[in-house]
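Source file: input.txt. Holds: compact mmCIF, C-alpha atoms.
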```
# COMPACT_ATOMS: atom_id res chain seq x y z
CA MET F 948 26.58 1.07 6.45
CA ARG F 949 24.62 0.53 3.27
CA VAL F 950 21.33 2.31 2.69
CA LEU F 951 18.84 1.44 -0.03
CA GLY F 952 16.53 4.36 -0.76
CA VAL F 953 13.13 3.89 -2.35
CA ASP F 954 11.25 6.73 -4.03
CA PRO F 955 7.94 4.88 -4.25
CA GLY F 956 5.78 5.01 -7.33
CA LEU F 957 3.58 2.66 -9.30
CA THR F 958 4.58 3.83 -12.78
CA ARG F 959 8.19 4.59 -11.86
CA CYS F 960 9.79 3.57 -8.56
CA GLY F 961 13.27 4.98 -7.97
CA ILE F 962 15.90 2.92 -6.17
CA GLY F 963 19.30 4.08 -5.03
CA VAL F 964 22.00 2.31 -3.01
CA VAL F 965 24.67 4.24 -1.12
CA ASP F 966 27.45 3.14 1.23
CA SER F 967 28.98 5.23 3.96
CA ALA F 968 32.74 5.75 3.98
CA PRO F 969 34.95 7.35 6.67
CA GLY F 970 34.21 11.01 7.29
CA ARG F 971 30.54 10.45 6.56
CA ARG F 972 31.30 10.33 2.88
CA ALA F 973 28.52 8.79 0.78
CA VAL F 974 29.64 6.37 -1.93
CA PHE F 975 27.51 5.52 -4.95
CA VAL F 976 26.73 1.81 -5.30
CA ALA F 977 23.81 1.55 -7.70
CA ALA F 978 20.65 3.29 -8.86
CA GLY F 979 17.77 2.48 -11.11
CA VAL F 980 14.07 2.67 -11.74
CA LEU F 981 11.44 -0.04 -11.58
CA ARG F 982 8.57 0.46 -13.96
CA SER F 983 5.15 -1.07 -14.43
CA ALA F 984 2.95 -0.89 -17.49
CA VAL F 985 0.08 1.57 -17.09
CA SER F 986 -2.05 -0.80 -19.16
CA ALA F 987 -1.61 -3.76 -16.79
CA ARG F 988 -4.07 -4.66 -14.05
CA PRO F 989 -3.35 -2.89 -10.72
CA GLU F 990 -2.42 -6.10 -8.92
CA GLU F 991 -0.03 -7.09 -11.72
CA ARG F 992 1.60 -3.66 -11.59
CA LEU F 993 2.06 -3.90 -7.82
CA ALA F 994 3.39 -7.45 -8.08
CA ALA F 995 5.91 -6.39 -10.74
CA ILE F 996 7.24 -3.55 -8.58
CA ALA F 997 7.28 -5.82 -5.48
CA GLY F 998 9.32 -8.41 -7.35
CA GLY F 999 11.80 -5.78 -8.47
CA LEU F 1000 12.18 -4.39 -4.96
CA GLU F 1001 12.88 -7.88 -3.63
CA GLU F 1002 15.54 -8.47 -6.29
CA TRP F 1003 17.31 -5.25 -5.32
CA LEU F 1004 17.14 -6.12 -1.63
CA ASP F 1005 18.53 -9.59 -2.26
CA GLU F 1006 21.27 -8.34 -4.54
CA TYR F 1007 22.49 -5.37 -2.49
CA ARG F 1008 21.62 -6.54 1.06
CA PRO F 1009 21.32 -3.09 2.64
CA ASP F 1010 21.57 -2.46 6.38
CA VAL F 1011 18.67 -0.01 6.21
CA VAL F 1012 15.88 0.66 3.74
CA ALA F 1013 14.77 4.29 3.58
CA VAL F 1014 11.33 4.75 2.01
CA GLU F 1015 10.05 8.23 1.33
CA ARG F 1016 7.10 8.82 3.62
CA VAL F 1017 3.85 9.22 1.68
CA PHE F 1018 1.22 11.69 2.80
CA ALA F 1019 -2.42 11.46 1.86
CA GLN F 1020 -2.61 15.16 1.12
CA HIS F 1021 -0.27 15.05 -1.86
CA ASN F 1022 -0.98 14.06 -5.46
CA LEU F 1023 -4.42 12.57 -4.85
CA ALA F 1024 -4.53 10.94 -8.28
CA SER F 1025 -1.46 8.78 -7.70
CA VAL F 1026 -1.16 8.66 -3.91
CA MET F 1027 -2.86 5.29 -3.48
CA GLY F 1028 -0.45 3.47 -5.79
CA THR F 1029 2.48 5.33 -4.26
CA ALA F 1030 1.39 4.37 -0.75
CA GLN F 1031 0.93 0.77 -1.83
CA VAL F 1032 4.41 0.58 -3.33
CA ALA F 1033 5.84 2.10 -0.15
CA GLY F 1034 4.03 -0.60 1.84
CA LEU F 1035 5.44 -3.34 -0.39
CA ALA F 1036 8.97 -1.99 0.13
CA MET F 1037 8.40 -1.88 3.90
CA VAL F 1038 7.17 -5.48 4.02
CA ALA F 1039 9.97 -6.74 1.76
CA ALA F 1040 12.50 -5.14 4.14
CA ALA F 1041 10.78 -6.37 7.31
CA ARG F 1042 10.72 -9.92 5.95
CA ARG F 1043 14.48 -9.74 5.45
CA GLY F 1044 15.07 -8.34 8.93
CA VAL F 1045 16.18 -4.99 7.51
CA PRO F 1046 15.16 -1.88 9.51
CA VAL F 1047 12.99 0.67 7.71
CA ALA F 1048 13.27 4.45 7.93
CA LEU F 1049 10.49 6.68 6.63
CA PRO F 1050 11.92 10.17 6.13
CA PRO F 1051 9.30 12.72 5.06
CA PRO F 1052 9.86 14.61 1.78
CA SER F 1053 10.37 17.87 3.66
CA GLU F 1054 13.38 16.43 5.45
CA ILE F 1055 14.90 15.25 2.18
CA ARG F 1056 14.38 18.65 0.59
CA ALA F 1057 15.77 20.34 3.70
CA ALA F 1058 18.83 18.11 3.63
CA VAL F 1059 19.39 19.07 0.00
CA THR F 1060 18.98 22.81 0.22
CA GLY F 1061 19.40 23.51 3.90
CA SER F 1062 16.10 25.36 3.84
CA GLY F 1063 13.45 22.90 2.68
CA ARG F 1064 13.19 24.13 -0.90
CA ALA F 1065 14.64 22.31 -3.90
CA ASP F 1066 13.54 21.42 -7.38
CA LYS F 1067 14.25 18.16 -9.20
CA GLY F 1068 17.23 19.63 -11.06
CA GLN F 1069 18.87 20.87 -7.88
CA VAL F 1070 18.48 17.45 -6.25
CA GLN F 1071 20.02 15.72 -9.25
CA ARG F 1072 22.99 18.11 -9.37
CA MET F 1073 23.60 17.85 -5.63
CA VAL F 1074 23.38 14.06 -5.66
CA ALA F 1075 25.95 13.95 -8.47
CA ARG F 1076 28.26 16.29 -6.54
CA VAL F 1077 27.96 14.46 -3.21
CA LEU F 1078 28.49 11.07 -4.83
CA ARG F 1079 31.26 12.44 -7.11
CA LEU F 1080 29.50 11.28 -10.25
CA ALA F 1081 30.45 12.70 -13.62
CA GLU F 1082 26.83 13.48 -14.37
CA ALA F 1083 23.48 13.63 -12.62
CA PRO F 1084 21.79 10.27 -12.17
CA LYS F 1085 18.79 9.89 -14.46
CA PRO F 1086 15.87 9.61 -14.41
CA ALA F 1087 14.97 11.97 -11.59
CA ASP F 1088 13.37 9.09 -9.66
CA ALA F 1089 16.73 7.36 -9.33
CA ALA F 1090 18.36 10.61 -8.18
CA ASP F 1091 15.56 11.11 -5.65
CA ALA F 1092 16.13 7.63 -4.27
CA LEU F 1093 19.86 8.35 -3.93
CA ALA F 1094 19.08 11.65 -2.17
CA LEU F 1095 16.84 9.71 0.20
CA ALA F 1096 19.61 7.22 0.95
CA ILE F 1097 22.16 10.00 1.48
CA THR F 1098 19.78 11.89 3.75
CA HIS F 1099 19.36 8.80 5.87
CA LEU F 1100 23.09 8.14 5.95
CA TRP F 1101 23.68 11.65 7.28
CA ARG F 1102 20.82 11.69 9.76
CA PRO F 1103 22.07 12.28 13.28
CA SER F 1104 19.10 10.38 14.65
CA GLY F 1105 19.55 7.25 12.57
CA LEU F 1106 16.30 5.31 12.61
CA ALA F 1107 14.44 7.71 14.90
CA ALA F 1108 11.08 8.84 13.59
CA GLY F 1109 11.39 11.68 11.13
CA THR F 1110 10.12 14.60 13.17
CA ALA F 1111 12.64 17.18 12.01
CA ASP F 1112 10.79 20.49 11.86
CA GLY F 1113 13.44 22.33 9.92
CA ALA F 1114 13.87 24.91 12.67
CA GLN F 1115 17.45 23.81 13.23
CA LEU F 1116 19.87 22.58 10.62
CA THR F 1117 21.23 19.10 11.20
CA ALA F 1118 24.80 18.20 10.40
CA ALA F 1119 23.52 16.64 7.17
CA GLN F 1120 21.67 19.79 6.24
CA ARG F 1121 24.73 21.92 6.93
CA ALA F 1122 26.81 19.55 4.82
CA TRP F 1123 24.34 19.80 1.96
CA ALA F 1124 24.21 23.57 2.28
CA ALA F 1125 28.00 23.81 2.25
CA ALA F 1126 28.23 21.54 -0.78
CA GLU F 1127 25.58 23.57 -2.53
CA ALA F 1128 27.36 26.83 -1.75
CA ALA F 1129 30.59 25.35 -3.09
CA ALA F 1130 28.81 24.31 -6.27
CA ARG F 1131 27.70 27.86 -7.10
CA MET Z 887 -16.91 -20.27 -7.26
CA ARG Z 888 -15.21 -19.24 -4.04
CA VAL Z 889 -14.66 -15.56 -3.23
CA LEU Z 890 -12.39 -14.28 -0.49
CA GLY Z 891 -13.35 -10.74 0.52
CA VAL Z 892 -10.87 -8.39 2.18
CA ASP Z 893 -11.98 -5.30 4.10
CA PRO Z 894 -8.51 -3.75 4.31
CA GLY Z 895 -7.23 -2.14 7.46
CA LEU Z 896 -3.95 -1.93 9.35
CA THR Z 897 -5.38 -2.27 12.86
CA ARG Z 898 -8.18 -4.64 11.86
CA CYS Z 899 -8.41 -6.32 8.46
CA GLY Z 900 -11.64 -8.24 7.85
CA ILE Z 901 -11.62 -11.44 5.82
CA GLY Z 902 -14.62 -13.42 4.64
CA VAL Z 903 -14.88 -16.48 2.42
CA VAL Z 904 -18.07 -17.35 0.58
CA ASP Z 905 -18.93 -20.08 -1.93
CA SER Z 906 -21.59 -19.90 -4.58
CA ALA Z 907 -24.27 -22.58 -4.68
CA PRO Z 908 -26.93 -23.25 -7.35
CA GLY Z 909 -29.46 -20.43 -7.70
CA ARG Z 910 -26.81 -17.87 -6.86
CA ARG Z 911 -27.05 -18.78 -3.23
CA ALA Z 912 -24.09 -17.63 -1.15
CA VAL Z 913 -22.73 -20.14 1.35
CA PHE Z 914 -20.67 -19.14 4.37
CA VAL Z 915 -17.21 -20.73 4.50
CA ALA Z 916 -15.19 -18.71 7.00
CA ALA Z 917 -14.67 -15.21 8.36
CA GLY Z 918 -12.23 -13.53 10.68
CA VAL Z 919 -10.15 -10.50 11.41
CA LEU Z 920 -6.40 -9.98 11.18
CA ARG Z 921 -5.00 -7.54 13.69
CA SER Z 922 -1.73 -5.74 14.17
CA ALA Z 923 -0.46 -4.05 17.31
CA VAL Z 924 -0.75 -0.27 17.17
CA SER Z 925 2.49 -0.10 19.14
CA ALA Z 926 4.52 -2.05 16.56
CA ARG Z 927 6.62 -0.42 13.85
CA PRO Z 928 4.68 0.27 10.63
CA GLU Z 929 6.64 -2.28 8.59
CA GLU Z 930 6.10 -4.96 11.25
CA ARG Z 931 2.37 -4.22 11.28
CA LEU Z 932 2.18 -4.49 7.49
CA ALA Z 933 4.23 -7.69 7.48
CA ALA Z 934 1.96 -9.24 10.12
CA ILE Z 935 -1.17 -8.49 8.09
CA ALA Z 936 0.52 -9.66 4.87
CA GLY Z 937 1.44 -12.97 6.50
CA GLY Z 938 -2.12 -13.48 7.70
CA LEU Z 939 -3.57 -12.71 4.28
CA GLU Z 940 -1.23 -15.24 2.69
CA GLU Z 941 -2.25 -17.92 5.20
CA TRP Z 942 -5.93 -17.35 4.40
CA LEU Z 943 -5.25 -17.49 0.66
CA ASP Z 944 -3.26 -20.69 1.01
CA GLU Z 945 -5.84 -22.32 3.27
CA TYR Z 946 -9.01 -21.39 1.38
CA ARG Z 947 -7.66 -21.16 -2.19
CA PRO Z 948 -10.30 -18.75 -3.53
CA ASP Z 949 -11.09 -18.33 -7.23
CA VAL Z 950 -11.33 -14.57 -6.80
CA VAL Z 951 -10.13 -12.10 -4.20
CA ALA Z 952 -12.38 -9.06 -3.76
CA VAL Z 953 -10.63 -6.14 -2.05
CA GLU Z 954 -12.65 -3.09 -1.13
CA ARG Z 955 -11.43 -0.21 -3.24
CA VAL Z 956 -9.75 2.50 -1.18
CA PHE Z 957 -10.20 6.15 -2.06
CA ALA Z 958 -7.81 8.87 -1.01
CA GLN Z 959 -10.65 11.17 -0.02
CA HIS Z 960 -11.83 9.01 2.87
CA ASN Z 961 -10.48 8.78 6.43
CA LEU Z 962 -7.28 10.68 5.84
CA ALA Z 963 -5.80 9.57 9.16
CA SER Z 964 -5.93 5.87 8.34
CA VAL Z 965 -6.14 5.81 4.54
CA MET Z 966 -2.44 5.20 3.94
CA GLY Z 967 -2.34 2.04 6.05
CA THR Z 968 -5.62 0.91 4.54
CA ALA Z 969 -4.30 1.43 1.01
CA GLN Z 970 -1.11 -0.41 1.85
CA VAL Z 971 -2.98 -3.42 3.23
CA ALA Z 972 -5.16 -3.45 0.11
CA GLY Z 973 -1.99 -3.47 -1.97
CA LEU Z 974 -0.55 -6.37 0.00
CA ALA Z 975 -3.75 -8.37 -0.55
CA MET Z 976 -3.63 -7.60 -4.27
CA VAL Z 977 -0.01 -8.73 -4.60
CA ALA Z 978 -0.60 -11.88 -2.52
CA ALA Z 979 -3.47 -12.79 -4.85
CA ALA Z 980 -1.56 -11.93 -8.03
CA ARG Z 981 1.37 -14.08 -6.95
CA ARG Z 982 -0.98 -17.03 -6.54
CA GLY Z 983 -2.58 -16.42 -9.94
CA VAL Z 984 -5.88 -15.43 -8.33
CA PRO Z 985 -7.83 -12.64 -10.10
CA VAL Z 986 -8.53 -9.52 -8.06
CA ALA Z 987 -11.73 -7.47 -8.04
CA LEU Z 988 -11.84 -4.01 -6.51
CA PRO Z 989 -15.47 -3.11 -5.83
CA PRO Z 990 -15.90 0.42 -4.51
CA PRO Z 991 -17.65 0.89 -1.12
CA SER Z 992 -20.64 2.54 -2.82
CA GLU Z 993 -21.32 -0.62 -4.79
CA ILE Z 994 -21.19 -2.76 -1.66
CA ARG Z 995 -23.57 -0.44 0.14
CA ALA Z 996 -25.84 -0.33 -2.89
CA ALA Z 997 -25.86 -4.12 -3.09
CA VAL Z 998 -26.86 -4.24 0.56
CA THR Z 999 -29.64 -1.68 0.58
CA GLY Z 1000 -30.56 -1.36 -3.05
CA SER Z 1001 -30.07 2.38 -2.73
CA GLY Z 1002 -26.47 2.96 -1.61
CA ARG Z 1003 -27.25 3.66 2.05
CA ALA Z 1004 -26.56 1.19 4.86
CA ASP Z 1005 -25.08 1.34 8.31
CA LYS Z 1006 -22.80 -1.29 9.87
CA GLY Z 1007 -25.68 -2.94 11.73
CA GLN Z 1008 -27.76 -3.31 8.57
CA VAL Z 1009 -24.84 -4.90 6.74
CA GLN Z 1010 -24.27 -7.37 9.57
CA ARG Z 1011 -27.95 -8.36 9.74
CA MET Z 1012 -28.22 -8.75 5.97
CA VAL Z 1013 -25.05 -10.81 5.76
CA ALA Z 1014 -26.38 -13.13 8.47
CA ARG Z 1015 -29.70 -13.47 6.63
CA VAL Z 1016 -28.17 -14.09 3.21
CA LEU Z 1017 -25.72 -16.65 4.58
CA ARG Z 1018 -28.38 -18.21 6.86
CA LEU Z 1019 -26.31 -17.67 9.96
CA ALA Z 1020 -27.92 -17.80 13.40
CA GLU Z 1021 -26.34 -14.49 14.30
CA ALA Z 1022 -24.51 -11.60 12.70
CA PRO Z 1023 -20.82 -12.21 12.08
CA LYS Z 1024 -18.64 -10.17 14.44
CA PRO Z 1025 -16.69 -7.99 14.48
CA ALA Z 1026 -18.13 -5.70 11.84
CA ASP Z 1027 -14.92 -5.98 9.80
CA ALA Z 1028 -15.57 -9.69 9.23
CA ALA Z 1029 -19.18 -8.98 8.24
CA ASP Z 1030 -17.99 -6.26 5.86
CA ALA Z 1031 -15.59 -8.70 4.22
CA LEU Z 1032 -18.39 -11.24 3.80
CA ALA Z 1033 -20.65 -8.53 2.30
CA LEU Z 1034 -17.83 -7.73 -0.10
CA ALA Z 1035 -17.51 -11.38 -1.12
CA ILE Z 1036 -21.28 -11.74 -1.56
CA THR Z 1037 -21.44 -8.56 -3.60
CA HIS Z 1038 -18.78 -9.92 -5.92
CA LEU Z 1039 -20.48 -13.30 -6.17
CA TRP Z 1040 -23.69 -11.59 -7.28
CA ARG Z 1041 -22.09 -9.13 -9.65
CA PRO Z 1042 -23.43 -9.51 -13.18
CA SER Z 1043 -20.20 -8.17 -14.57
CA GLY Z 1044 -17.84 -10.51 -12.76
CA LEU Z 1045 -14.37 -9.05 -12.82
CA ALA Z 1046 -15.26 -5.99 -14.86
CA ALA Z 1047 -14.10 -2.71 -13.37
CA GLY Z 1048 -16.47 -1.47 -10.73
CA THR Z 1049 -18.05 1.47 -12.44
CA ALA Z 1050 -21.63 0.93 -11.31
CA ASP Z 1051 -23.14 4.35 -10.80
CA GLY Z 1052 -26.14 3.17 -8.85
CA ALA Z 1053 -28.56 4.52 -11.42
CA GLN Z 1054 -29.85 1.04 -12.19
CA LEU Z 1055 -30.24 -1.83 -9.78
CA THR Z 1056 -28.30 -4.95 -10.61
CA ALA Z 1057 -29.69 -8.41 -10.01
CA ALA Z 1058 -27.61 -8.56 -6.85
CA GLN Z 1059 -28.98 -5.27 -5.65
CA ARG Z 1060 -32.55 -6.40 -6.34
CA ALA Z 1061 -31.84 -9.63 -4.44
CA TRP Z 1062 -30.49 -7.70 -1.48
CA ALA Z 1063 -33.43 -5.31 -1.57
CA ALA Z 1064 -35.90 -8.19 -1.66
CA ALA Z 1065 -34.14 -9.96 1.19
CA GLU Z 1066 -34.13 -6.75 3.17
CA ALA Z 1067 -37.81 -6.17 2.55
CA ALA Z 1068 -38.55 -9.73 3.67
CA ALA Z 1069 -36.55 -9.15 6.84
CA ARG Z 1070 -38.71 -6.24 7.96
```
The structure in this file should be written as structure tokens.
Amino acid sequence: MRVLGVDPGLTRCGIGVVDSAPGRRAVFVAAGVLRSAVSARPEERLAAIAGGLEEWLDEYRPDVVAVERVFAQHNLASVMGTAQVAGLAMVAAARRGVPVALPPPSEIRAAVTGSGRADKGQVQRMVARVLRLAEAPKPADAADALALAITHLWRPSGLAAGTADGAQLTAAQRAWAAAEAAAR
Amino acid sequence: MRVLGVDPGLTRCGIGVVDSAPGRRAVFVAAGVLRSAVSARPEERLAAIAGGLEEWLDEYRPDVVAVERVFAQHNLASVMGTAQVAGLAMVAAARRGVPVALPPPSEIRAAVTGSGRADKGQVQRMVARVLRLAEAPKPADAADALALAITHLWRPSGLAAGTADGAQLTAAQRAWAAAEAAAR
């Protein structure tokens, strides 16, 4: 299975593609960041990101697109553009017949640390370790998108709605926690 | 000039098309509402609305698309879907080379009442009067989209960013106020 993760953003939109290998191993395929010029008109910025997302979908043909769920409570200044980019990714996937998963940020953080807390640096280091990369993917947006894709790959529930409450560790969370412990 | 107004929404998205005639008269062209099933997956709902918006754009070929500006503060429960639909309308317009205006709700209300206060019924009655319709366009989402298109048509600043603070009445606002006074 191939998962394309999208860390939505209007100024920087992270994209990461991961394949699953036997033993639930996650294999790095590609990662990058789409950018739009802050000085451009909003509709031009959105169209630029949408075009980039479509190119990635057409090039890598994922089986699932995982888009980080956006909540209205967070980052009020940028949340509208972030939500709009998430919507564009969802429509681009739907139009290609690709299922969409919307894991919430808390689940991604929980999968990384096993306890719901992680900073950007930790995510980058863990993504590099899990994907056996020589160094952490940069910028952080690309690493976040890879973390998103890995989290989805390891989800026991597949495409089920992301309602994990963190009370119990999933297999993915245990795997992350073990990998993190080994990295210390 | 032809303006296509979009009152964005995921469950109901209002669309209204208005032409300008000599003397700044606004002429009704078409209005309607796009709907998506609440039971469908989010990406399918967004794709359905996106497809409908594109059909309207291709059929009516507006010179400008006016999308009501969405603010994160309002209607937290539905704001993400609303923002995403607004983004889809913006991208659909940009991809067709059609300029996008983003008037804020306060400006639309101000244009309707001359003072920034108006309920749904007032907007519907005023839209019917301005467009010389026998009855108010229904549902309210379609009337709102027509009000949006009329507001843009009457804007002195055209595509300038919507920064009207309501301190001074624009020509459009005076026209609305006069029409409203005549309707009493």
Interatomic distance between atom CA of Gly902 of chain Z and atom CA of Ala1035 of chain Z?
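Going from atom CA of Gly902 of chain Z over to atom CA of Ala1035 of chain Z covers 6.8 Å.
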Within 9 Å of chain F, which residues belong to chain Z? Use all atoms listed in the file and report them as a PDB file with C-alpha atoms, keeping the file's coordinate frame.
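Written out: part_10.pdb:
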```pdb
ATOM      1  CA  ARG Z 927       6.620  -0.420  13.850  1.00  0.00           C
ATOM      2  CA  PRO Z 928       4.680   0.270  10.630  1.00  0.00           C
ATOM      3  CA  GLU Z 929       6.640  -2.280   8.590  1.00  0.00           C
ATOM      4  CA  GLU Z 930       6.100  -4.960  11.250  1.00  0.00           C
ATOM      5  CA  ARG Z 931       2.370  -4.220  11.280  1.00  0.00           C
ATOM      6  CA  LEU Z 932       2.180  -4.490   7.490  1.00  0.00           C
ATOM      7  CA  ALA Z 933       4.230  -7.690   7.480  1.00  0.00           C
ATOM      8  CA  ALA Z 934       1.960  -9.240  10.120  1.00  0.00           C
ATOM      9  CA  ALA Z 936       0.520  -9.660   4.870  1.00  0.00           C
ATOM     10  CA  VAL Z 956      -9.750   2.500  -1.180  1.00  0.00           C
ATOM     11  CA  PHE Z 957     -10.200   6.150  -2.060  1.00  0.00           C
ATOM     12  CA  ALA Z 958      -7.810   8.870  -1.010  1.00  0.00           C
ATOM     13  CA  GLN Z 959     -10.650  11.170  -0.020  1.00  0.00           C
ATOM     14  CA  LEU Z 962      -7.280  10.680   5.840  1.00  0.00           C
ATOM     15  CA  ALA Z 963      -5.800   9.570   9.160  1.00  0.00           C
ATOM     16  CA  VAL Z 965      -6.140   5.810   4.540  1.00  0.00           C
ATOM     17  CA  MET Z 966      -2.440   5.200   3.940  1.00  0.00           C
ATOM     18  CA  GLY Z 967      -2.340   2.040   6.050  1.00  0.00           C
ATOM     19  CA  ALA Z 969      -4.300   1.430   1.010  1.00  0.00           C
ATOM     20  CA  GLN Z 970      -1.110  -0.410   1.850  1.00  0.00           C
ATOM     21  CA  VAL Z 971      -2.980  -3.420   3.230  1.00  0.00           C
ATOM     22  CA  ALA Z 972      -5.160  -3.450   0.110  1.00  0.00           C
ATOM     23  CA  GLY Z 973      -1.990  -3.470  -1.970  1.00  0.00           C
ATOM     24  CA  LEU Z 974      -0.550  -6.370   0.000  1.00  0.00           C
ATOM     25  CA  ALA Z 975      -3.750  -8.370  -0.550  1.00  0.00           C
ATOM     26  CA  MET Z 976      -3.630  -7.600  -4.270  1.00  0.00           C
ATOM     27  CA  VAL Z 977      -0.010  -8.730  -4.600  1.00  0.00           C
ATOM     28  CA  ALA Z 978      -0.600 -11.880  -2.520  1.00  0.00           C
ATOM     29  CA  ALA Z 979      -3.470 -12.790  -4.850  1.00  0.00           C
ATOM     30  CA  ALA Z 980      -1.560 -11.930  -8.030  1.00  0.00           C
ATOM     31  CA  ARG Z 981       1.370 -14.080  -6.950  1.00  0.00           C
ATOM     32  CA  PRO Z 985      -7.830 -12.640 -10.100  1.00  0.00           C
ATOM     33  CA  VAL Z 986      -8.530  -9.520  -8.060  1.00  0.00           C
TER      34      VAL Z 986
END
```
Find the residues near Leu981 of chain F: any atom within 9 Å, counting all atoms listed in the file, skip ones fewer than 4 places away on the same chain, and give them as a PyMOL selection string.
chain F and resi 956-962+995-996+999-1000
Between atom CA of Leu1039 of chain Z and atom CA of Pro894 of chain Z, distance in Å (one decimal):
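Between atom CA of Leu1039 of chain Z and atom CA of Pro894 of chain Z the gap is 18.6 Å.
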Residues within 12 Å of Ala916 of chain Z, only C-alpha atoms, excluding chain neighbours under 3 positions, as a list in words:
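Residues near the query, excluding close chain neighbours: Arg888, Val889, Leu890, Gly891, Gly900, Ile901, Gly902, Val903, Val904, Asp905, Val913, Val919, Trp942, Leu943, Glu945, Tyr946, Pro948, Leu1017, Leu1019, Pro1023, Lys1024, Ala1028, Ala1029, Ala1031, Leu1032 and Ala1035 of chain Z.
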What does the distance from atom CA of Arg972 of chain F to atom CA of Asp1091 of chain F come to in Å, to one decimal?
17.9 Å
Here is a test: counting all atoms listed in the file, which residue of Z:Arg1015, Z:His1038, Z:Lys1006, Z:Arg947 is nearest to Pro990 of chain Z?
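Distance minimum relative to Pro990 of chain Z lands on Z:His1038.
Closest approach to Val1074 of chain F from the set F:Ser1053, F:Ser967, F:Thr1098, F:Ser983 is made by F:Thr1098, with distances taken over all atoms listed in the file.
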Residue rebuild result segment 934-946 of chain Z, N, CA, C and O atoms as a PDB file, in the coordinates of the input:
```pdb
ATOM      1  N   ALA Z 934       2.842  -8.334   9.381  1.00  0.00           N
ATOM      2  CA  ALA Z 934       1.960  -9.240  10.120  1.00  0.00           C
ATOM      3  C   ALA Z 934       0.650  -9.459   9.350  1.00  0.00           C
ATOM      4  O   ALA Z 934       0.183 -10.599   9.187  1.00  0.00           O
ATOM      5  N   ILE Z 935       0.088  -8.368   8.849  1.00  0.00           N
ATOM      6  CA  ILE Z 935      -1.170  -8.490   8.090  1.00  0.00           C
ATOM      7  C   ILE Z 935      -0.920  -9.256   6.791  1.00  0.00           C
ATOM      8  O   ILE Z 935      -1.711 -10.126   6.397  1.00  0.00           O
ATOM      9  N   ALA Z 936       0.201  -8.966   6.132  1.00  0.00           N
ATOM     10  CA  ALA Z 936       0.520  -9.660   4.870  1.00  0.00           C
ATOM     11  C   ALA Z 936       0.630 -11.164   5.105  1.00  0.00           C
ATOM     12  O   ALA Z 936       0.112 -11.974   4.319  1.00  0.00           O
ATOM     13  N   GLY Z 937       1.298 -11.540   6.197  1.00  0.00           N
ATOM     14  CA  GLY Z 937       1.440 -12.970   6.500  1.00  0.00           C
ATOM     15  C   GLY Z 937       0.088 -13.625   6.745  1.00  0.00           C
ATOM     16  O   GLY Z 937      -0.168 -14.746   6.286  1.00  0.00           O
ATOM     17  N   GLY Z 938      -0.784 -12.938   7.449  1.00  0.00           N
ATOM     18  CA  GLY Z 938      -2.120 -13.480   7.700  1.00  0.00           C
ATOM     19  C   GLY Z 938      -2.927 -13.637   6.421  1.00  0.00           C
ATOM     20  O   GLY Z 938      -3.584 -14.661   6.191  1.00  0.00           O
ATOM     21  N   LEU Z 939      -2.847 -12.632   5.557  1.00  0.00           N
ATOM     22  CA  LEU Z 939      -3.570 -12.710   4.280  1.00  0.00           C
ATOM     23  C   LEU Z 939      -3.090 -13.914   3.473  1.00  0.00           C
ATOM     24  O   LEU Z 939      -3.895 -14.641   2.868  1.00  0.00           O
ATOM     25  N   GLU Z 940      -1.792 -14.122   3.464  1.00  0.00           N
ATOM     26  CA  GLU Z 940      -1.230 -15.240   2.690  1.00  0.00           C
ATOM     27  C   GLU Z 940      -1.696 -16.586   3.259  1.00  0.00           C
ATOM     28  O   GLU Z 940      -1.989 -17.518   2.496  1.00  0.00           O
ATOM     29  N   GLU Z 941      -1.764 -16.667   4.589  1.00  0.00           N
ATOM     30  CA  GLU Z 941      -2.250 -17.920   5.200  1.00  0.00           C
ATOM     31  C   GLU Z 941      -3.699 -18.194   4.788  1.00  0.00           C
ATOM     32  O   GLU Z 941      -4.053 -19.332   4.459  1.00  0.00           O
ATOM     33  N   TRP Z 942      -4.533 -17.148   4.803  1.00  0.00           N
ATOM     34  CA  TRP Z 942      -5.930 -17.350   4.400  1.00  0.00           C
ATOM     35  C   TRP Z 942      -6.018 -17.776   2.932  1.00  0.00           C
ATOM     36  O   TRP Z 942      -6.798 -18.662   2.569  1.00  0.00           O
ATOM     37  N   LEU Z 943      -5.231 -17.130   2.092  1.00  0.00           N
ATOM     38  CA  LEU Z 943      -5.250 -17.490   0.660  1.00  0.00           C
ATOM     39  C   LEU Z 943      -4.818 -18.933   0.463  1.00  0.00           C
ATOM     40  O   LEU Z 943      -5.408 -19.660  -0.349  1.00  0.00           O
ATOM     41  N   ASP Z 944      -3.781 -19.337   1.195  1.00  0.00           N
ATOM     42  CA  ASP Z 944      -3.260 -20.690   1.010  1.00  0.00           C
ATOM     43  C   ASP Z 944      -4.219 -21.732   1.599  1.00  0.00           C
ATOM     44  O   ASP Z 944      -4.315 -22.855   1.099  1.00  0.00           O
ATOM     45  N   GLU Z 945      -4.919 -21.359   2.664  1.00  0.00           N
ATOM     46  CA  GLU Z 945      -5.840 -22.320   3.270  1.00  0.00           C
ATOM     47  C   GLU Z 945      -7.137 -22.452   2.472  1.00  0.00           C
ATOM     48  O   GLU Z 945      -7.633 -23.553   2.265  1.00  0.00           O
ATOM     49  N   TYR Z 946      -7.678 -21.325   2.001  1.00  0.00           N
ATOM     50  CA  TYR Z 946      -9.010 -21.390   1.380  1.00  0.00           C
ATOM     51  C   TYR Z 946      -8.984 -21.379  -0.145  1.00  0.00           C
ATOM     52  O   TYR Z 946     -10.011 -21.609  -0.778  1.00  0.00           O
TER      53      TYR Z 946
END
```
